[in-house]
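Visitor: You'll find entry-v2.pdb just under this line, and it carries PDB, C-alpha atoms.
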ATOM      1  CA  ARG A   1     -14.550 -23.158  27.189
ATOM      2  CA  VAL A   2     -15.705 -23.593  30.748
ATOM      3  CA  LEU A   3     -12.267 -22.933  32.200
ATOM      4  CA  PHE A   4     -12.067 -19.690  30.227
ATOM      5  CA  LEU A   5     -15.461 -18.409  31.353
ATOM      6  CA  MET A   6     -15.394 -19.454  35.015
ATOM      7  CA  PRO A   7     -13.055 -16.660  36.186
ATOM      8  CA  VAL A   8     -14.950 -14.113  34.101
ATOM      9  CA  TRP A   9     -18.192 -14.946  35.881
ATOM     10  CA  GLY A  10     -16.329 -14.959  39.213
ATOM     11  CA  GLY A  11     -14.947 -11.509  38.481
ATOM     12  CA  TRP A  12     -18.407 -10.232  37.654
ATOM     13  CA  SER A  13     -19.568 -11.609  40.990
ATOM     14  CA  MET A  14     -17.064  -9.353  42.704
ATOM     15  CA  LEU A  15     -18.418  -6.372  40.753
ATOM     16  CA  ILE A  16     -22.096  -7.003  41.454
ATOM     17  CA  THR A  17     -21.776  -7.823  45.167
ATOM     18  CA  PRO A  18     -21.150  -4.193  46.259
ATOM     19  CA  GLN A  19     -24.440  -3.229  44.600
ATOM     20  CA  PHE A  20     -26.315  -5.307  47.166
ATOM     21  CA  CYS A  21     -23.984  -5.126  50.187
ATOM     22  CA  ARG A  22     -22.809  -1.704  51.224
ATOM     23  CA  PRO A  23     -19.492  -1.041  53.006
ATOM     24  CA  SER A  24     -19.672  -0.906  56.783
ATOM     25  CA  ALA A  25     -17.286  -0.058  59.605
ATOM     26  CA  ALA A  26     -15.696  -3.503  59.262
ATOM     27  CA  THR A  27     -14.956  -3.025  55.567
ATOM     28  CA  GLU A  28     -11.296  -2.664  54.640
ATOM     29  CA  PRO A  29     -10.353   0.695  53.036
ATOM     30  CA  GLN A  30      -9.334  -0.979  49.772
ATOM     31  CA  THR A  31     -12.622  -2.884  49.561
ATOM     32  CA  ALA A  32     -14.596   0.280  50.308
ATOM     33  CA  ALA A  33     -12.734   2.101  47.529
ATOM     34  CA  PHE A  34     -13.452  -0.801  45.178
ATOM     35  CA  ALA A  35     -17.157  -0.687  46.051
ATOM     36  CA  LYS A  36     -17.289   3.068  45.571
ATOM     37  CA  GLY A  37     -15.604   2.844  42.173
ATOM     38  CA  CYS A  38     -18.176   0.496  40.638
ATOM     39  CA  SER A  39     -21.552   2.034  39.863
ATOM     40  CA  PRO A  40     -24.668  -0.037  39.203
ATOM     41  CA  LEU A  41     -24.562   0.918  35.522
ATOM     42  CA  ALA A  42     -20.932  -0.186  35.206
ATOM     43  CA  ALA A  43     -21.666  -3.476  36.962
ATOM     44  CA  ALA A  44     -24.609  -4.124  34.654
ATOM     45  CA  ALA A  45     -22.526  -3.230  31.600
ATOM     46  CA  CYS A  46     -19.812  -5.619  32.727
ATOM     47  CA  LEU A  47     -22.381  -8.427  32.583
ATOM     48  CA  LEU A  48     -22.492  -8.196  28.784
ATOM     49  CA  PRO A  49     -19.092  -9.816  28.005
ATOM     50  CA  PRO A  50     -19.579 -12.959  30.128
ATOM     51  CA  LEU A  51     -23.174 -13.255  28.983
ATOM     52  CA  ALA A  52     -22.282 -12.895  25.298
ATOM     53  CA  ALA A  53     -19.334 -15.276  25.596
ATOM     54  CA  THR A  54     -21.474 -17.871  27.379
ATOM     55  CA  ILE A  55     -24.164 -17.694  24.718
ATOM     56  CA  PHE A  56     -21.573 -17.874  21.944
ATOM     57  CA  TYR A  57     -19.473 -20.707  23.387
ATOM     58  CA  PHE A  58     -22.415 -22.907  24.338
ATOM     59  CA  GLN A  59     -24.510 -22.465  21.204
ATOM     60  CA  TYR A  60     -23.958 -26.102  20.309
ATOM     61  CA  LEU A  61     -25.903 -27.141  23.431
ATOM     62  CA  GLY A  62     -29.081 -25.336  22.420
ATOM     63  CA  LEU A  63     -31.033 -22.323  23.620
ATOM     64  CA  ARG A  64     -32.237 -23.917  26.859
ATOM     65  CA  ALA A  65     -28.703 -24.712  27.959
ATOM     66  CA  GLN A  66     -27.494 -21.234  27.038
ATOM     67  CA  ILE A  67     -30.186 -19.624  29.161
ATOM     68  CA  VAL A  68     -29.787 -21.953  32.141
ATOM     69  CA  ILE A  69     -25.980 -21.707  32.207
ATOM     70  CA  SER A  70     -26.097 -17.901  31.940
ATOM     71  CA  ALA A  71     -28.772 -17.692  34.625
ATOM     72  CA  ALA A  72     -26.740 -19.958  36.898
ATOM     73  CA  GLY A  73     -23.776 -17.624  36.548
ATOM     74  CA  ALA A  74     -25.775 -14.457  37.182
ATOM     75  CA  LEU A  75     -27.987 -15.777  39.981
ATOM     76  CA  GLY A  76     -25.070 -17.631  41.525
ATOM     77  CA  ALA A  77     -23.085 -14.402  41.617
ATOM     78  CA  ILE A  78     -25.855 -12.421  43.274
ATOM     79  CA  LEU A  79     -26.830 -15.090  45.794
ATOM     80  CA  ALA A  80     -23.225 -15.984  46.646
ATOM     81  CA  GLY A  81     -22.391 -12.322  47.199
ATOM     82  CA  LEU A  82     -25.370 -11.753  49.453
ATOM     83  CA  THR A  83     -24.737 -14.925  51.433
ATOM     84  CA  CYS A  84     -21.020 -14.332  51.874
ATOM     85  CA  CYS A  85     -21.537 -10.723  52.974
ATOM     86  CA  TRP A  86     -24.195 -11.793  55.417
ATOM     87  CA  ARG A  87     -21.969 -14.548  56.861
ATOM     88  CA  SER A  88     -18.892 -12.319  57.160
ATOM     89  CA  GLY A  89     -20.723  -9.409  58.753
ATOM     90  CA  GLY A  90     -20.700  -7.022  55.811
ATOM     91  CA  LEU A  91     -18.820  -6.253  52.646
ATOM     92  CA  ARG A  92     -15.287  -7.485  53.212
ATOM     93  CA  ARG A  93     -12.516  -8.829  51.004
ATOM     94  CA  PRO A  94     -12.900 -12.469  52.111
ATOM     95  CA  ALA A  95     -16.614 -12.258  51.274
ATOM     96  CA  LEU A  96     -15.830 -10.992  47.764
ATOM     97  CA  LEU A  97     -13.293 -13.751  47.199
ATOM     98  CA  ALA A  98     -15.659 -16.416  48.506
ATOM     99  CA  ALA A  99     -18.445 -15.123  46.248
ATOM    100  CA  ASN A 100     -16.023 -15.344  43.326
ATOM    101  CA  VAL A 101     -15.262 -19.004  44.019
ATOM    102  CA  LEU A 102     -18.892 -19.943  44.700
ATOM    103  CA  THR A 103     -19.977 -18.309  41.450
ATOM    104  CA  GLN A 104     -17.356 -20.261  39.542
ATOM    105  CA  ILE A 105     -18.579 -23.487  41.133
ATOM    106  CA  ALA A 106     -22.223 -22.696  40.301
ATOM    107  CA  PHE A 107     -21.264 -21.942  36.698
ATOM    108  CA  LEU A 108     -19.225 -25.143  36.440
ATOM    109  CA  LEU A 109     -22.040 -27.276  37.852
ATOM    110  CA  ALA A 110     -24.512 -25.753  35.407
ATOM    111  CA  CYS A 111     -22.154 -26.535  32.525
ATOM    112  CA  LEU A 112     -21.688 -30.100  33.734
ATOM    113  CA  ALA A 113     -25.446 -30.559  33.974
ATOM    114  CA  PHE A 114     -25.701 -30.146  30.200
ATOM    115  CA  ARG A 115     -22.796 -32.407  29.245
TER
END
Would you mind writing the file out in structure tokens?
Guide:
Amino acid sequence: RVLFLMPVWGGWSMLITPQFCRPSAATEPQTAAFAKGCSPLAAAACLLPPLAATIFYFQYLGLRAQIVISAAGALGAILAGLTCCWRSGGLRRPALLAANVLTQIAFLLACLAFR
């Protein structure tokens, strides 16, 4: 269950990061096109599948675990994206990939906390 959902949350991290970090002069053309193609409404709508799957798959752990694990995924994605963009000097591909991995780690640690 966790291994199925980790990349989904990591992918959502890559979608939400451009909503908080805008492309700059250092941004690669492909990354700028990716950021332009994802509106805030689309990024918010793409949160529904990982959120629903997390709630469904972890229902045996109870409501508290469902909320904390989902919040760890969402907050981890936003904070990792902001931090990675700040460290890399703007919205760049390595920052998106690093945010993806950090979100997966945050989600995994939250899941392990309830095992």
Visitor: Closest to A:Ile67 among A:Ala25, A:Ala80, A:Ala52, A:Met6, using all atoms listed in the file?
Guide: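 Under the stated criterion, the closest residue is A:Ala52.
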Visitor: For A:Val8, which residue out of A:Leu75, A:Cys21, A:Ala53, A:Cys38 is the nearest one, using only C-alpha atoms?
Guide: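 Using only C-alpha atoms, the shortest distance to A:Val8 belongs to A:Ala53.
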Visitor: Please tabulate, as a tab-separated table, the residues of stretch 2-25 of chain A that come within 9 Å of stretch 102-108 of chain A, each with its closest pair of atoms and the distance in Å to one decimal, counting only C-alpha atoms and ordering rows by chain, then residue number upward.
Guide:
residue	atom	partner	partner_atom	distance
A:Val2	CA	A:Leu108	CA	6.9
A:Leu3	CA	A:Leu108	CA	8.4
A:Leu5	CA	A:Gln104	CA	8.6
A:Met6	CA	A:Gln104	CA	5.0
A:Pro7	CA	A:Gln104	CA	6.5
A:Val8	CA	A:Gln104	CA	8.6
A:Trp9	CA	A:Gln104	CA	6.5
A:Gly10	CA	A:Gln104	CA	5.4
A:Gly11	CA	A:Thr103	CA	9.0
A:Ser13	CA	A:Thr103	CA	6.7
Visitor: Any idea what's packed within 9 Å of A:Ile55, counting only C-alpha atoms, ignoring anything in its chain fewer than 2 positions away? Could you give it as a list in words?
Guide: Pro50, Leu51, Ala52, Ala53, Tyr57, Phe58, Gln59, Leu63, Ala65, Gln66, Ile67, Ile69 and Ser70 of chain A
Visitor: I'd like the contact shell of A:Trp86 - 9 Å cut-off, only C-alpha atoms, skipping same-chain residues fewer than 4 positions apart - returned as a PDB file with C-alpha atoms, in the frame of the given file.
Guide:
ATOM      1  CA  CYS A  21     -23.984  -5.126  50.187  1.00  0.00           C
ATOM      2  CA  GLY A  81     -22.391 -12.322  47.199  1.00  0.00           C
ATOM      3  CA  LEU A  82     -25.370 -11.753  49.453  1.00  0.00           C
ATOM      4  CA  GLY A  90     -20.700  -7.022  55.811  1.00  0.00           C
ATOM      5  CA  LEU A  91     -18.820  -6.253  52.646  1.00  0.00           C
ATOM      6  CA  ALA A  95     -16.614 -12.258  51.274  1.00  0.00           C
TER       7      ALA A  95
END
Visitor: Near A:Glu28, within 10 Å and counting only C-alpha atoms, which residues show up once chain neighbours fewer than 6 positions away are dropped, as a VMD selection string?
Guide: chain A and resid 34 91 to 93
Visitor: Which one is closest to A:Ala33: A:Ala113, A:Tyr60, A:Cys46, A:Pro18? Count all atoms listed in the file.
Guide: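 Comparing A:Ala113, A:Tyr60, A:Cys46, A:Pro18 against A:Ala33, the winner is A:Pro18.
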Visitor: For atom CA of A:Ala72 and atom CA of A:Phe56, quote the distance in Å rounded to one decimal.
Guide: 16.0 Å
Visitor: Between atom CA of A:Ala110 and atom CA of A:Val68, what is the spacing in Å?
Guide: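 Atom CA of A:Val68 sits 7.3 Å away from atom CA of A:Ala110.
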Visitor: Using all atoms listed in the file, pick whichever of A:Val101, A:Leu15, A:Ala74, A:Leu61 has the shortest atom-to-atom distance to A:Ala42.
Guide: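 Of A:Val101, A:Leu15, A:Ala74, A:Leu61, the one nearest A:Ala42 is A:Leu15, counting all atoms listed in the file.
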Visitor: Between atom CA of A:Arg115 and atom CA of A:Ala98, what is the distance, to one decimal in Å?
Guide: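 Atom CA of A:Ala98 lies 26.0 Å from atom CA of A:Arg115.
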Visitor: So for stretch 90-93 of chain A, what box centre and size do we get, axis-aligned, 5 Å extra on each of the six sides, every listed atom, Å to one decimal, as AutoDock Vina command-line options?
Guide:
--center_x -16.6 --center_y -7.5 --center_z 53.4 --size_x 18.2 --size_y 12.6 --size_z 14.8
Visitor: For A:Arg64, which residue out of A:Ala45, A:Phe114, A:Gly76, A:Trp12 is the nearest one, using only C-alpha atoms?
Guide: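 Under the stated criterion, the closest residue is A:Phe114.
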